[in-house]
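The file work-v6.txt comes next; it holds compact mmCIF, C-alpha atoms and all ligand atoms.
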# COMPACT_ATOMS: atom_id res chain seq x y z
CA MET A 216 0.00 0.00 0.00
CA HIS A 217 1.33 3.43 -0.92
CA ASN A 218 1.82 6.11 1.63
CA LYS A 219 -1.16 8.38 1.04
CA GLU A 220 0.49 11.65 2.01
CA PHE A 221 2.76 13.40 -0.44
CA ASP A 222 4.45 16.75 -0.88
CA ALA A 223 3.32 16.90 -4.50
CA ILE A 224 0.80 15.06 -6.64
CA ILE A 225 1.18 15.39 -10.39
CA ILE A 226 -1.69 14.57 -12.71
CA GLY A 227 -0.48 13.31 -16.09
CA ALA A 228 2.59 11.14 -16.69
CA GLY A 229 3.41 12.74 -20.03
CA ALA A 230 6.34 14.93 -21.04
CA ALA A 231 5.72 17.80 -18.61
CA GLY A 232 4.50 15.64 -15.72
CA MET A 233 7.42 13.17 -15.77
CA MET A 234 9.98 15.95 -16.12
CA CYS A 235 8.44 17.89 -13.25
CA ALA A 236 8.06 14.83 -10.99
CA GLN A 237 11.74 13.86 -11.14
CA MET A 238 12.88 17.47 -10.70
CA ILE A 239 10.70 18.06 -7.63
CA ALA A 240 11.75 14.72 -6.18
CA THR A 241 15.45 15.67 -6.33
CA SER A 242 14.79 18.14 -3.53
CA ASN A 243 13.77 15.37 -1.17
CA LYS A 244 10.07 15.77 -1.77
CA LYS A 245 7.67 12.86 -1.81
CA VAL A 246 6.07 12.89 -5.25
CA LEU A 247 3.15 10.89 -6.64
CA ILE A 248 2.31 10.91 -10.34
CA LEU A 249 -1.10 9.71 -11.51
CA ASP A 250 -2.23 8.86 -15.04
CA HIS A 251 -5.36 7.20 -16.37
CA SER A 252 -3.58 5.58 -19.32
CA ALA A 253 -2.02 2.13 -19.26
CA LYS A 254 1.02 3.26 -21.26
CA LEU A 255 3.53 5.82 -20.15
CA ALA A 256 4.01 9.04 -22.17
CA GLU A 257 2.46 7.80 -25.39
CA LYS A 258 2.82 11.18 -27.06
CA ILE A 259 6.55 11.14 -26.62
CA ARG A 260 6.61 7.67 -28.16
CA ILE A 261 4.70 8.67 -31.31
CA SER A 262 6.33 12.09 -31.63
CA GLY A 263 8.71 13.15 -34.36
CA GLY A 264 7.82 10.15 -36.50
CA GLY A 265 9.01 7.86 -33.66
CA ARG A 266 12.29 9.69 -33.01
CA CYS A 267 11.00 12.48 -30.76
CA ASN A 268 11.88 15.98 -31.92
CA PHE A 269 12.52 16.86 -28.29
CA THR A 270 13.55 20.50 -28.67
CA ASN A 271 14.49 23.23 -31.08
CA ILE A 272 17.70 25.18 -30.62
CA ASN A 273 15.90 28.30 -31.85
CA ALA A 274 13.18 28.15 -29.17
CA ARG A 275 12.27 31.68 -28.13
CA PRO A 276 9.02 33.30 -26.98
CA GLU A 277 8.12 34.46 -30.53
CA CYS A 278 7.73 30.79 -31.52
CA TYR A 279 4.77 30.36 -29.18
CA ILE A 280 1.16 31.46 -29.51
CA SER A 281 -0.60 32.69 -26.38
CA GLN A 282 -2.99 35.46 -25.39
CA ASN A 283 -0.03 36.80 -23.41
CA LYS A 284 2.90 36.56 -25.78
CA HIS A 285 5.40 37.33 -23.02
CA PHE A 286 4.18 34.64 -20.64
CA ALA A 287 6.60 31.91 -21.75
CA THR A 288 9.68 34.16 -21.67
CA SER A 289 10.71 33.53 -18.08
CA ALA A 290 10.35 29.74 -18.16
CA LEU A 291 12.01 29.38 -21.57
CA SER A 292 14.97 31.50 -20.53
CA ARG A 293 15.59 29.54 -17.34
CA TYR A 294 15.41 26.05 -18.85
CA THR A 295 16.70 26.20 -22.41
CA PRO A 296 17.25 23.61 -25.16
CA TYR A 297 20.87 23.42 -23.98
CA HIS A 298 19.79 22.29 -20.52
CA PHE A 299 17.86 19.43 -22.09
CA THR A 300 20.68 18.41 -24.45
CA GLU A 301 23.07 18.52 -21.51
CA LEU A 302 20.78 16.06 -19.72
CA LEU A 303 20.82 13.76 -22.77
CA ASP A 304 24.62 14.05 -23.00
CA ARG A 305 24.95 13.05 -19.37
CA TYR A 306 22.98 9.87 -20.06
CA ASP A 307 24.64 9.17 -23.40
CA ILE A 308 21.51 9.60 -25.49
CA GLY A 309 22.54 10.53 -29.01
CA TYR A 310 20.70 13.11 -31.11
CA HIS A 311 21.08 15.06 -34.32
CA GLU A 312 19.80 18.26 -35.89
CA LYS A 313 17.52 17.62 -38.84
CA THR A 314 16.53 21.02 -40.25
CA LEU A 315 15.63 24.42 -38.86
CA GLY A 316 17.15 23.74 -35.44
CA GLN A 317 15.03 20.62 -34.81
CA LEU A 318 16.79 18.08 -32.59
CA PHE A 319 15.78 14.43 -32.90
CA CYS A 320 16.90 11.29 -31.05
CA ASN A 321 19.25 8.99 -32.93
CA GLN A 322 17.36 6.08 -31.38
CA LYS A 323 13.63 5.63 -30.97
CA SER A 324 11.63 8.12 -28.84
CA GLN A 325 11.45 5.42 -26.20
CA ALA A 326 14.95 6.53 -25.15
CA ILE A 327 13.47 9.79 -23.80
CA ILE A 328 10.63 7.98 -22.03
CA ASP A 329 13.10 5.53 -20.47
CA LEU A 330 15.32 8.40 -19.31
CA LEU A 331 12.44 10.25 -17.64
CA ASP A 332 11.25 7.02 -16.08
CA GLN A 333 14.75 6.21 -14.80
CA LEU A 334 15.13 9.70 -13.29
CA CYS A 335 11.76 9.36 -11.59
CA GLN A 336 12.68 5.96 -10.17
CA GLU A 337 16.12 7.10 -9.00
CA ASN A 338 14.49 9.95 -7.12
CA GLY A 339 11.77 7.83 -5.56
CA VAL A 340 8.76 9.14 -7.46
CA ILE A 341 5.75 6.88 -7.09
CA ARG A 342 3.81 6.44 -10.30
CA LEU A 343 0.36 4.96 -10.61
CA MET A 344 -0.99 4.26 -14.08
CA GLU A 345 -4.57 3.27 -14.99
CA THR A 346 -5.71 5.52 -12.20
CA SER A 347 -9.00 7.36 -12.62
CA ILE A 348 -9.29 10.58 -10.73
CA LEU A 349 -12.76 10.81 -9.29
CA ALA A 350 -12.65 14.10 -7.37
CA ILE A 351 -10.23 16.78 -6.23
CA GLU A 352 -10.70 19.21 -3.42
CA LYS A 353 -8.61 21.51 -1.31
CA THR A 354 -9.17 21.56 2.43
CA ASN A 355 -6.90 22.81 5.20
CA ALA A 356 -4.27 23.86 2.67
CA ARG A 357 -4.00 20.28 1.32
CA PHE A 358 -5.22 18.83 -1.95
CA LYS A 359 -7.25 15.63 -1.58
CA VAL A 360 -7.29 13.54 -4.72
CA GLU A 361 -9.83 10.74 -4.74
CA THR A 362 -9.06 7.95 -7.20
CA ASN A 363 -10.07 4.39 -7.99
CA LYS A 364 -6.87 3.42 -6.14
CA GLY A 365 -7.55 5.34 -2.98
CA LEU A 366 -7.41 8.83 -1.56
CA PHE A 367 -4.13 10.76 -1.71
CA ASP A 368 -3.26 14.14 -0.37
CA SER A 369 -0.52 16.70 -0.85
CA ASP A 370 0.59 20.30 -0.43
CA MET A 371 1.10 20.80 -4.14
CA LEU A 372 -1.02 19.72 -7.08
CA VAL A 373 0.56 19.96 -10.51
CA VAL A 374 -1.82 19.61 -13.45
CA ALA A 375 0.07 18.21 -16.43
CA CYS A 376 -2.64 16.33 -18.27
CA GLY A 377 -2.09 17.91 -21.68
CA GLY A 378 -4.59 19.04 -24.29
CA LEU A 379 -7.31 17.47 -26.41
CA SER A 380 -5.30 16.26 -29.37
CA ILE A 381 -5.33 12.55 -30.16
CA PRO A 382 -8.06 11.32 -27.81
CA LEU A 383 -7.30 7.78 -29.02
CA ILE A 384 -4.16 7.72 -26.87
CA GLY A 385 -5.69 9.20 -23.76
CA ALA A 386 -6.06 12.96 -24.29
CA THR A 387 -8.88 14.50 -22.28
CA GLY A 388 -10.02 17.95 -21.25
CA PHE A 389 -9.56 17.04 -17.58
CA GLY A 390 -6.96 19.74 -16.97
CA TYR A 391 -9.40 22.42 -18.11
CA GLN A 392 -12.05 20.95 -15.81
CA ILE A 393 -9.68 21.21 -12.83
CA ALA A 394 -8.82 24.79 -13.79
CA ARG A 395 -12.49 25.75 -13.95
CA GLN A 396 -13.20 24.03 -10.64
CA PHE A 397 -10.63 26.29 -8.98
CA GLY A 398 -11.89 29.45 -10.67
CA LEU A 399 -9.34 29.81 -13.48
CA LYS A 400 -10.51 30.77 -16.97
CA ILE A 401 -9.90 28.81 -20.14
CA ILE A 402 -8.98 30.43 -23.43
CA ASP A 403 -11.11 28.73 -26.12
CA THR A 404 -9.40 25.60 -27.35
CA ARG A 405 -9.04 24.39 -30.92
CA PRO A 406 -6.94 21.95 -32.93
CA ALA A 407 -3.56 23.36 -34.04
CA LEU A 408 -0.64 22.02 -36.08
CA VAL A 409 -3.36 20.23 -37.98
CA PRO A 410 -4.05 19.38 -41.65
CA LEU A 411 -6.59 21.67 -43.33
CA THR A 412 -9.55 20.49 -45.37
CA LEU A 413 -10.92 21.88 -48.66
CA ASP A 414 -14.43 21.90 -50.06
CA GLN A 415 -15.53 19.41 -52.70
CA SER A 416 -15.00 21.69 -55.68
CA SER A 417 -11.43 22.62 -54.64
CA LEU A 418 -10.71 18.95 -53.98
CA GLN A 419 -11.86 18.16 -57.51
CA THR A 420 -9.60 20.87 -58.92
CA PHE A 421 -6.59 19.48 -57.05
CA SER A 422 -7.54 15.80 -57.24
CA SER A 423 -4.60 14.91 -59.49
CA LEU A 424 -2.18 16.48 -56.99
CA SER A 425 -2.95 14.29 -53.99
CA GLY A 426 0.35 13.05 -52.50
CA ILE A 427 2.44 15.81 -54.10
CA SER A 428 4.77 17.67 -51.77
CA PHE A 429 6.53 20.91 -52.70
CA ASP A 430 8.69 23.62 -51.16
CA SER A 431 6.43 26.51 -50.22
CA GLU A 432 5.88 29.56 -48.13
CA THR A 433 2.49 29.70 -46.42
CA LYS A 434 1.23 33.09 -45.29
CA ILE A 435 -1.52 34.67 -43.24
CA GLY A 436 -1.01 38.40 -42.82
CA LYS A 437 2.52 38.94 -41.59
CA ILE A 438 3.05 35.35 -40.41
CA SER A 439 4.79 33.04 -42.87
CA PHE A 440 6.50 29.66 -42.83
CA ARG A 441 8.91 28.26 -45.40
CA GLU A 442 8.71 24.49 -45.44
CA ASN A 443 7.07 21.76 -47.53
CA SER A 444 3.33 21.64 -48.23
CA LEU A 445 1.45 18.57 -49.34
CA PHE A 446 -1.83 18.01 -51.21
CA THR A 447 -3.90 15.26 -49.59
CA HIS A 448 -7.17 13.62 -50.57
CA ARG A 449 -8.91 15.80 -47.98
CA GLY A 450 -7.02 19.07 -48.46
CA LEU A 451 -3.59 20.27 -47.45
CA SER A 452 -0.95 19.10 -45.03
CA GLY A 453 2.85 19.12 -44.67
CA PRO A 454 4.90 21.18 -42.21
CA ALA A 455 4.22 24.62 -43.77
CA ILE A 456 0.46 23.98 -43.66
CA LEU A 457 0.54 22.58 -40.09
CA GLN A 458 2.47 25.67 -38.98
CA ILE A 459 0.08 28.14 -40.56
CA SER A 460 -2.97 26.15 -39.34
CA SER A 461 -2.23 27.38 -35.81
CA TYR A 462 -2.87 30.94 -37.01
CA TRP A 463 -5.78 30.14 -39.33
CA GLN A 464 -9.36 31.20 -38.53
CA HIS A 465 -12.50 30.01 -40.28
CA SER A 466 -13.39 31.88 -43.53
CA GLU A 467 -9.82 33.07 -43.92
CA ALA A 468 -7.70 32.52 -47.02
CA ILE A 469 -4.13 31.25 -46.90
CA LYS A 470 -1.62 32.47 -49.43
CA ILE A 471 0.94 30.00 -50.66
CA ASN A 472 4.08 30.96 -52.49
CA LEU A 473 4.64 27.86 -54.64
CA LEU A 474 8.15 28.93 -55.57
CA PRO A 475 9.78 30.71 -52.64
CA GLY A 476 13.24 32.09 -53.23
CA GLU A 477 12.63 32.60 -56.99
CA ASP A 478 11.13 35.44 -58.99
CA ILE A 479 9.21 33.64 -61.72
CA LYS A 480 8.46 36.89 -63.55
CA SER A 481 12.08 37.75 -64.12
CA VAL A 482 12.92 34.14 -65.05
CA ILE A 483 10.17 34.20 -67.70
CA GLN A 484 11.36 37.59 -68.91
CA ASP A 485 14.90 36.29 -69.23
CA ASN A 486 13.50 33.50 -71.44
CA ARG A 487 11.07 35.65 -73.39
CA SER A 488 12.23 34.46 -76.78
CA SER A 489 12.08 30.76 -75.86
CA THR A 490 9.88 28.42 -77.87
CA LYS A 491 9.52 26.13 -74.85
CA ARG A 492 5.91 25.51 -73.87
CA LEU A 493 4.89 26.98 -70.51
CA LYS A 494 4.16 23.53 -69.09
CA ASN A 495 7.65 22.25 -69.94
CA PHE A 496 9.24 25.43 -68.64
CA LEU A 497 7.37 25.11 -65.31
CA HIS A 498 8.42 21.48 -65.10
CA ASP A 499 11.97 22.82 -64.51
CA PHE A 500 10.66 24.13 -61.16
CA PHE A 501 7.78 21.80 -60.26
CA SER A 502 6.84 18.15 -60.54
CA GLU A 503 5.15 17.30 -63.83
CA ARG A 504 1.70 16.99 -62.23
CA LEU A 505 2.00 20.30 -60.41
CA ALA A 506 3.26 22.06 -63.57
CA GLU A 507 0.31 20.64 -65.51
CA SER A 508 -2.15 21.71 -62.82
CA ILE A 509 -0.76 25.23 -62.71
CA CYS A 510 -1.20 25.51 -66.49
CA SER A 511 -4.75 24.23 -66.37
CA LEU A 512 -5.64 26.61 -63.52
CA LEU A 513 -4.16 29.43 -65.59
CA ASN A 514 -5.79 28.12 -68.73
CA ILE A 515 -2.62 28.90 -70.66
CA ASP A 516 -0.99 26.48 -73.07
CA LYS A 517 1.56 28.47 -75.07
CA GLN A 518 5.21 28.91 -75.80
CA LEU A 519 7.04 31.43 -73.58
CA SER A 520 7.63 33.63 -76.65
CA GLN A 521 3.84 33.91 -77.15
CA LEU A 522 2.99 35.08 -73.62
CA SER A 523 1.51 38.56 -73.21
CA ASN A 524 2.53 40.80 -70.29
CA LYS A 525 -0.90 40.23 -68.80
CA GLU A 526 -0.41 36.48 -68.94
CA ILE A 527 3.01 36.78 -67.32
CA ASP A 528 1.41 38.74 -64.48
CA LYS A 529 -1.28 36.08 -64.14
CA ILE A 530 1.34 33.31 -63.96
CA THR A 531 3.39 35.28 -61.42
CA ASN A 532 0.39 35.93 -59.26
CA LEU A 533 -0.74 32.32 -59.23
CA ILE A 534 2.73 30.98 -58.47
CA HIS A 535 3.75 33.46 -55.81
CA ASN A 536 0.32 34.24 -54.33
CA PHE A 537 -1.69 31.07 -54.69
CA GLU A 538 -4.80 31.51 -52.57
CA VAL A 539 -6.63 28.65 -50.87
CA MET A 540 -9.69 28.87 -48.70
CA PRO A 541 -9.79 25.91 -46.28
CA ASN A 542 -13.23 24.96 -45.01
CA GLY A 543 -12.00 23.36 -41.77
CA THR A 544 -9.34 21.23 -40.13
CA GLU A 545 -8.96 17.50 -39.60
CA GLY A 546 -9.71 18.11 -35.92
CA TYR A 547 -8.24 16.82 -32.67
CA LYS A 548 -7.93 13.35 -34.17
CA LYS A 549 -5.05 14.61 -36.31
CA ALA A 550 -3.90 17.76 -34.49
CA GLU A 551 -0.43 17.68 -32.93
CA VAL A 552 -1.44 20.18 -30.29
CA THR A 553 -4.33 22.08 -28.76
CA LYS A 554 -4.30 25.84 -29.05
CA GLY A 555 -5.75 27.76 -26.10
CA GLY A 556 -6.09 26.33 -22.60
CA VAL A 557 -5.58 27.62 -19.08
CA ASP A 558 -5.53 31.41 -19.24
CA THR A 559 -2.01 32.57 -18.39
CA ALA A 560 -3.44 35.68 -16.74
CA TYR A 561 -4.26 33.35 -13.82
CA LEU A 562 -0.75 31.90 -13.57
CA ASN A 563 2.51 33.19 -12.19
CA SER A 564 4.95 33.03 -15.13
CA LYS A 565 7.92 32.25 -12.87
CA SER A 566 6.39 29.34 -10.96
CA MET A 567 3.32 28.32 -13.04
CA MET A 568 1.30 28.50 -9.81
CA ALA A 569 -2.29 29.70 -9.97
CA LYS A 570 -2.46 33.24 -8.63
CA ASN A 571 -5.72 32.50 -6.84
CA VAL A 572 -4.94 29.03 -5.40
CA ASP A 573 -1.80 28.41 -3.38
CA GLY A 574 -0.09 25.16 -4.34
CA LEU A 575 -1.99 24.57 -7.61
CA TYR A 576 0.20 24.51 -10.75
CA PHE A 577 -0.43 24.05 -14.48
CA ILE A 578 2.31 23.01 -16.92
CA GLY A 579 2.75 21.78 -20.50
CA GLU A 580 0.11 21.77 -23.17
CA VAL A 581 -2.85 22.35 -20.83
CA VAL A 582 -1.66 25.97 -20.56
CA ASP A 583 -2.50 28.54 -23.23
CA VAL A 584 1.00 28.36 -24.73
CA THR A 585 1.22 26.66 -28.13
CA GLY A 586 4.53 26.16 -29.86
CA TRP A 587 5.36 25.96 -33.53
CA LEU A 588 6.06 22.63 -35.16
CA GLY A 589 9.62 21.42 -34.66
CA GLY A 590 10.35 20.58 -31.02
CA TYR A 591 8.95 23.77 -29.51
CA ASN A 592 6.10 22.06 -27.68
CA PHE A 593 8.34 19.61 -25.85
CA GLN A 594 10.65 22.49 -24.96
CA TRP A 595 7.64 24.22 -23.37
CA ALA A 596 6.84 21.02 -21.45
CA TRP A 597 10.45 20.85 -20.08
CA SER A 598 10.71 24.58 -19.34
CA SER A 599 7.34 24.89 -17.62
CA ALA A 600 8.11 21.76 -15.56
CA TYR A 601 11.40 23.30 -14.46
CA ALA A 602 9.62 26.54 -13.50
CA VAL A 603 7.57 24.63 -10.92
CA ALA A 604 10.51 22.66 -9.55
CA SER A 605 12.76 25.71 -9.29
CA SER A 606 10.11 27.67 -7.41
CA ILE A 607 9.89 25.34 -4.43
C1 LIG B 1 1.48 12.81 -33.36
C2 LIG B 1 2.16 13.85 -32.52
C3 LIG B 1 3.50 14.13 -32.73
C4 LIG B 1 4.14 15.13 -31.97
N1 LIG B 1 5.45 15.37 -32.20
C5 LIG B 1 6.07 16.34 -31.49
C6 LIG B 1 7.46 16.58 -31.66
O1 LIG B 1 8.15 15.86 -32.39
N2 LIG B 1 8.01 17.62 -30.96
C7 LIG B 1 7.29 18.39 -30.09
O2 LIG B 1 7.84 19.31 -29.49
N3 LIG B 1 5.99 18.14 -29.87
C8 LIG B 1 5.37 17.14 -30.54
N4 LIG B 1 4.04 16.88 -30.30
C9 LIG B 1 3.36 17.64 -29.24
C10 LIG B 1 3.77 17.08 -27.87
O3 LIG B 1 3.60 15.68 -27.88
C11 LIG B 1 2.92 17.70 -26.76
O4 LIG B 1 2.92 19.09 -26.86
C12 LIG B 1 3.47 17.27 -25.39
O5 LIG B 1 3.40 15.87 -25.26
C13 LIG B 1 2.70 17.94 -24.27
O6 LIG B 1 3.19 17.44 -23.05
P1 LIG B 1 2.21 17.36 -21.78
O7 LIG B 1 2.99 16.64 -20.76
O8 LIG B 1 1.65 18.68 -21.50
O9 LIG B 1 1.01 16.44 -22.27
P2 LIG B 1 1.05 14.90 -22.69
O10 LIG B 1 2.40 14.49 -23.11
O11 LIG B 1 -0.07 14.75 -23.65
O12 LIG B 1 0.71 14.12 -21.35
C14 LIG B 1 -0.53 14.21 -20.71
C15 LIG B 1 -0.73 13.00 -19.87
O13 LIG B 1 -1.91 13.19 -19.09
C16 LIG B 1 -2.67 12.02 -19.09
N5 LIG B 1 -4.08 12.35 -18.87
C17 LIG B 1 -4.93 12.96 -19.71
N6 LIG B 1 -6.15 13.05 -19.14
C18 LIG B 1 -6.07 12.45 -17.93
C19 LIG B 1 -7.01 12.21 -16.90
N7 LIG B 1 -8.29 12.56 -17.02
N8 LIG B 1 -6.59 11.56 -15.79
C20 LIG B 1 -5.29 11.16 -15.66
N9 LIG B 1 -4.38 11.37 -16.62
C21 LIG B 1 -4.75 12.02 -17.73
C22 LIG B 1 -2.41 11.40 -20.45
O14 LIG B 1 -2.67 10.00 -20.43
C23 LIG B 1 -0.95 11.74 -20.69
O15 LIG B 1 -0.10 10.71 -20.22
C24 LIG B 1 3.40 15.87 -31.01
C25 LIG B 1 2.07 15.56 -30.78
C26 LIG B 1 1.45 14.56 -31.50
C27 LIG B 1 0.01 14.25 -31.23

Turn the structure described in the file into structure tokens.
Amino acid sequence: MHNKEFDAIIIGAGAAGMMCAQMIATSNKKVLILDHSAKLAEKIRISGGGRCNFTNINARPECYISQNKHFATSALSRYTPYHFTELLDRYDIGYHEKTLGQLFCNQKSQAIIDLLDQLCQENGVIRLMETSILAIEKTNARFKVETNKGLFDSDMLVVACGGLSIPLIGATGFGYQIARQFGLKIIDTRPALVPLTLDQSSLQTFSSLSGISFDSETKIGKISFRENSLFTHRGLSGPAILQISSYWQHSEAIKINLLPGEDIKSVIQDNRSSTKRLKNFLHDFFSERLAESICSLLNIDKQLSQLSNKEIDKITNLIHNFEVMPNGTEGYKKAEVTKGGVDTAYLNSKSMMAKNVDGLYFIGEVVDVTGWLGGYNFQWAWSSAYAVASSI
């Protein structure tokens, strides 16, 4: 039978919860971590295509979306990507940079889960999986957590139960429920880093392009991302689309530069006397299917030498300012993260403690801090976990 009194109870044995548990436990605190799932940290396991993109060396507050864009600054500056890589170095876990500062494990993601688990065990953290939390209350300055495995109590309660994305592996809105119970507000949640869907007529137009990936720059207002985009049988995906999806609102168009880093107008002008057909010329820049589609959208089938100035402008506009109007997203089933969450106005940015409830903390994805694609969300999990541990 477990001792029922703890210094800290952490709800959620995911990235943030495991990190926080082992850090708190190093200061001789008795820590209990509870999770309703059977498997430990499933999101780490499936992340980064199975090799966990555990941080990004460029992580900085501008790479996070929140109602308070300064909220993450303190935590991110006190536990940086270098702190996490130093931890991996100490335990001989190899990693490499892929692109754009993204660090991935050389081995499977399980290496990160095993490391967190080992650190928890070494520091005496007690972990109970398949534990349903039935009720939480705070009386006499202690949190009482009633579960199907008994009643536990503690001075500190750390809510680390993540967001709503991928319910199939155990995501729930329980963290938001706890926040509301204790009088904190929730910023409306929605799927982010998520594929976008197109209406039937657009899908028909692009049907031949399904599966085609291309270098692109996606834009909404002043926000833009240069990475690959991908046509799917439901709409658009690929890193540049996932990134921009976090900024997208319903009934808003997304502009896609299909040829970033080139100026198609001046290339055409340099080849003005060419007898090459437009389709063949575009094939020098795009896959054959994409070049064909661009020509049929433009309704132009001519040699370069026959193009009018107006047609050149039309080609330029379509290639550099291709506009799509998504009609929705693929939802939480496919979203990598949940945008929105516990309103940071209710949290102390140094400690992650609720301003109105002593001893109650929120960390990781449950908080209204949403990172870009590329290791930023795990970095937030590590940094926010450290903020709690360093505050006690
Ligand atoms: C497919 C996919 C790939 C991803 N790849 C990356 C990547 O490569 N890099 C990156 O930075 N981010 C990635 N992310 C995002 C990243 O996984 C999350 O942002 C991160 O896991 C959040 O950590 P967390 O600890 O807050 O929540 P989680 O890791 O989701 O942990 C929450 C835990 O709480 C538990 N829980 C939930 N509800 C309850 C309840 N009612 N009772 C008890 N326990 C509960 C869950 O079982 C889970 O163990 C990816 C996400 C997905 C879905």

Item to complete: Let me have all residues with an atom within 6 Å of ligand LIG 1 (chain B), counting all atoms listed in the file, laid out as a PyMOL selection string.
Response: chain A and resi 226-232+250-252+256+258-259+261-263+267-270+347-348+375-377+380-381+385-387+389+551-552+579-581+589-593+596

Worksheet item: Hey, which of A:Leu330, A:Leu588, A:Ile225, A:Ile351 ends up closest to Ala455 in chain A? Count all atoms listed in the file.
Response: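 With all atoms listed in the file as the atom set, the closest residue is A:Leu588.
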
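Taking CA of Asn321 in chain A as the reference point, CA of Met344 in chain A is found at 28.1 Å.
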
Worksheet item: How would you write as a list in words the residues that get within 6 Å of (-4.7, 31.1, -42.4) in the file's frame, counting only C-alpha atoms?
Response: Ile435, Ile459, Tyr462, Trp463, Glu467, Ala468 and Ile469 of chain A

Discussion item. From the options A:Ala274, A:Ile509, A:Ala223, A:Leu413, which residue's atoms come nearest to Ser242 in chain A, counting all atoms listed in the file?
Written reply: A:Ala223

Discussion item. I'd like the contact shell of Ala236 in chain A - 8 Å cut-off, only C-alpha atoms, skipping same-chain residues fewer than 2 positions apart - returned as a list in words.
Written reply: Ile225, Gly232, Met233, Met234, Met238, Ile239, Ala240, Val246, Leu247, Ile248, Cys335 and Val340 of chain A

Worksheet item: Do you know which residues are at most 9 Å from Ala290 in chain A counting only C-alpha atoms, after dropping those on the same chain fewer than 3 positions away, and could you put them as JSON, numbers by chain?
Response: {"A": [286, 287, 293, 294, 295, 564, 565, 566, 567, 595, 598, 599, 600, 601, 602]}

Could you add whatever atoms are missing so that range 454-469 of chain A carries N, CA and C atoms, then write the result as a PDB file, in the coordinates of the input?
ATOM      1  N   PRO A 454       4.486  20.283 -43.291  1.00  0.00           N
ATOM      2  CA  PRO A 454       4.900  21.180 -42.210  1.00  0.00           C
ATOM      3  C   PRO A 454       4.471  22.649 -42.384  1.00  0.00           C
ATOM      4  N   ALA A 455       4.566  23.196 -43.600  1.00  0.00           N
ATOM      5  CA  ALA A 455       4.220  24.620 -43.770  1.00  0.00           C
ATOM      6  C   ALA A 455       2.734  24.855 -43.522  1.00  0.00           C
ATOM      7  N   ILE A 456       1.913  23.857 -43.882  1.00  0.00           N
ATOM      8  CA  ILE A 456       0.460  23.980 -43.660  1.00  0.00           C
ATOM      9  C   ILE A 456       0.157  23.793 -42.174  1.00  0.00           C
ATOM     10  N   LEU A 457       0.786  22.793 -41.528  1.00  0.00           N
ATOM     11  CA  LEU A 457       0.540  22.580 -40.090  1.00  0.00           C
ATOM     12  C   LEU A 457       0.904  23.851 -39.327  1.00  0.00           C
ATOM     13  N   GLN A 458       2.035  24.441 -39.678  1.00  0.00           N
ATOM     14  CA  GLN A 458       2.470  25.670 -38.980  1.00  0.00           C
ATOM     15  C   GLN A 458       1.418  26.765 -39.120  1.00  0.00           C
ATOM     16  N   ILE A 459       0.980  27.000 -40.346  1.00  0.00           N
ATOM     17  CA  ILE A 459       0.080  28.140 -40.560  1.00  0.00           C
ATOM     18  C   ILE A 459      -1.319  27.836 -39.993  1.00  0.00           C
ATOM     19  N   SER A 460      -1.642  26.521 -39.869  1.00  0.00           N
ATOM     20  CA  SER A 460      -2.970  26.150 -39.340  1.00  0.00           C
ATOM     21  C   SER A 460      -3.185  26.705 -37.937  1.00  0.00           C
ATOM     22  N   SER A 461      -2.090  26.872 -37.182  1.00  0.00           N
ATOM     23  CA  SER A 461      -2.230  27.380 -35.810  1.00  0.00           C
ATOM     24  C   SER A 461      -2.663  28.845 -35.803  1.00  0.00           C
ATOM     25  N   TYR A 462      -2.485  29.514 -36.921  1.00  0.00           N
ATOM     26  CA  TYR A 462      -2.870  30.940 -37.010  1.00  0.00           C
ATOM     27  C   TYR A 462      -4.166  31.126 -37.792  1.00  0.00           C
ATOM     28  N   TRP A 463      -4.643  30.038 -38.415  1.00  0.00           N
ATOM     29  CA  TRP A 463      -5.780  30.140 -39.330  1.00  0.00           C
ATOM     30  C   TRP A 463      -7.120  30.247 -38.576  1.00  0.00           C
ATOM     31  N   GLN A 464      -7.997  31.098 -39.074  1.00  0.00           N
ATOM     32  CA  GLN A 464      -9.360  31.200 -38.530  1.00  0.00           C
ATOM     33  C   GLN A 464     -10.320  30.839 -39.656  1.00  0.00           C
ATOM     34  N   HIS A 465     -11.490  30.360 -39.278  1.00  0.00           N
ATOM     35  CA  HIS A 465     -12.500  30.010 -40.280  1.00  0.00           C
ATOM     36  C   HIS A 465     -12.765  31.182 -41.211  1.00  0.00           C
ATOM     37  N   SER A 466     -13.069  30.877 -42.483  1.00  0.00           N
ATOM     38  CA  SER A 466     -13.390  31.880 -43.530  1.00  0.00           C
ATOM     39  C   SER A 466     -12.204  32.783 -43.834  1.00  0.00           C
ATOM     40  N   GLU A 467     -10.996  32.273 -43.625  1.00  0.00           N
ATOM     41  CA  GLU A 467      -9.820  33.070 -43.920  1.00  0.00           C
ATOM     42  C   GLU A 467      -9.015  32.342 -44.999  1.00  0.00           C
ATOM     43  N   ALA A 468      -8.494  33.128 -45.948  1.00  0.00           N
ATOM     44  CA  ALA A 468      -7.700  32.520 -47.020  1.00  0.00           C
ATOM     45  C   ALA A 468      -6.246  32.395 -46.575  1.00  0.00           C
ATOM     46  N   ILE A 469      -5.576  31.392 -47.128  1.00  0.00           N
ATOM     47  CA  ILE A 469      -4.130  31.250 -46.900  1.00  0.00           C
ATOM     48  C   ILE A 469      -3.440  31.490 -48.235  1.00  0.00           C
TER      49      ILE A 469
END
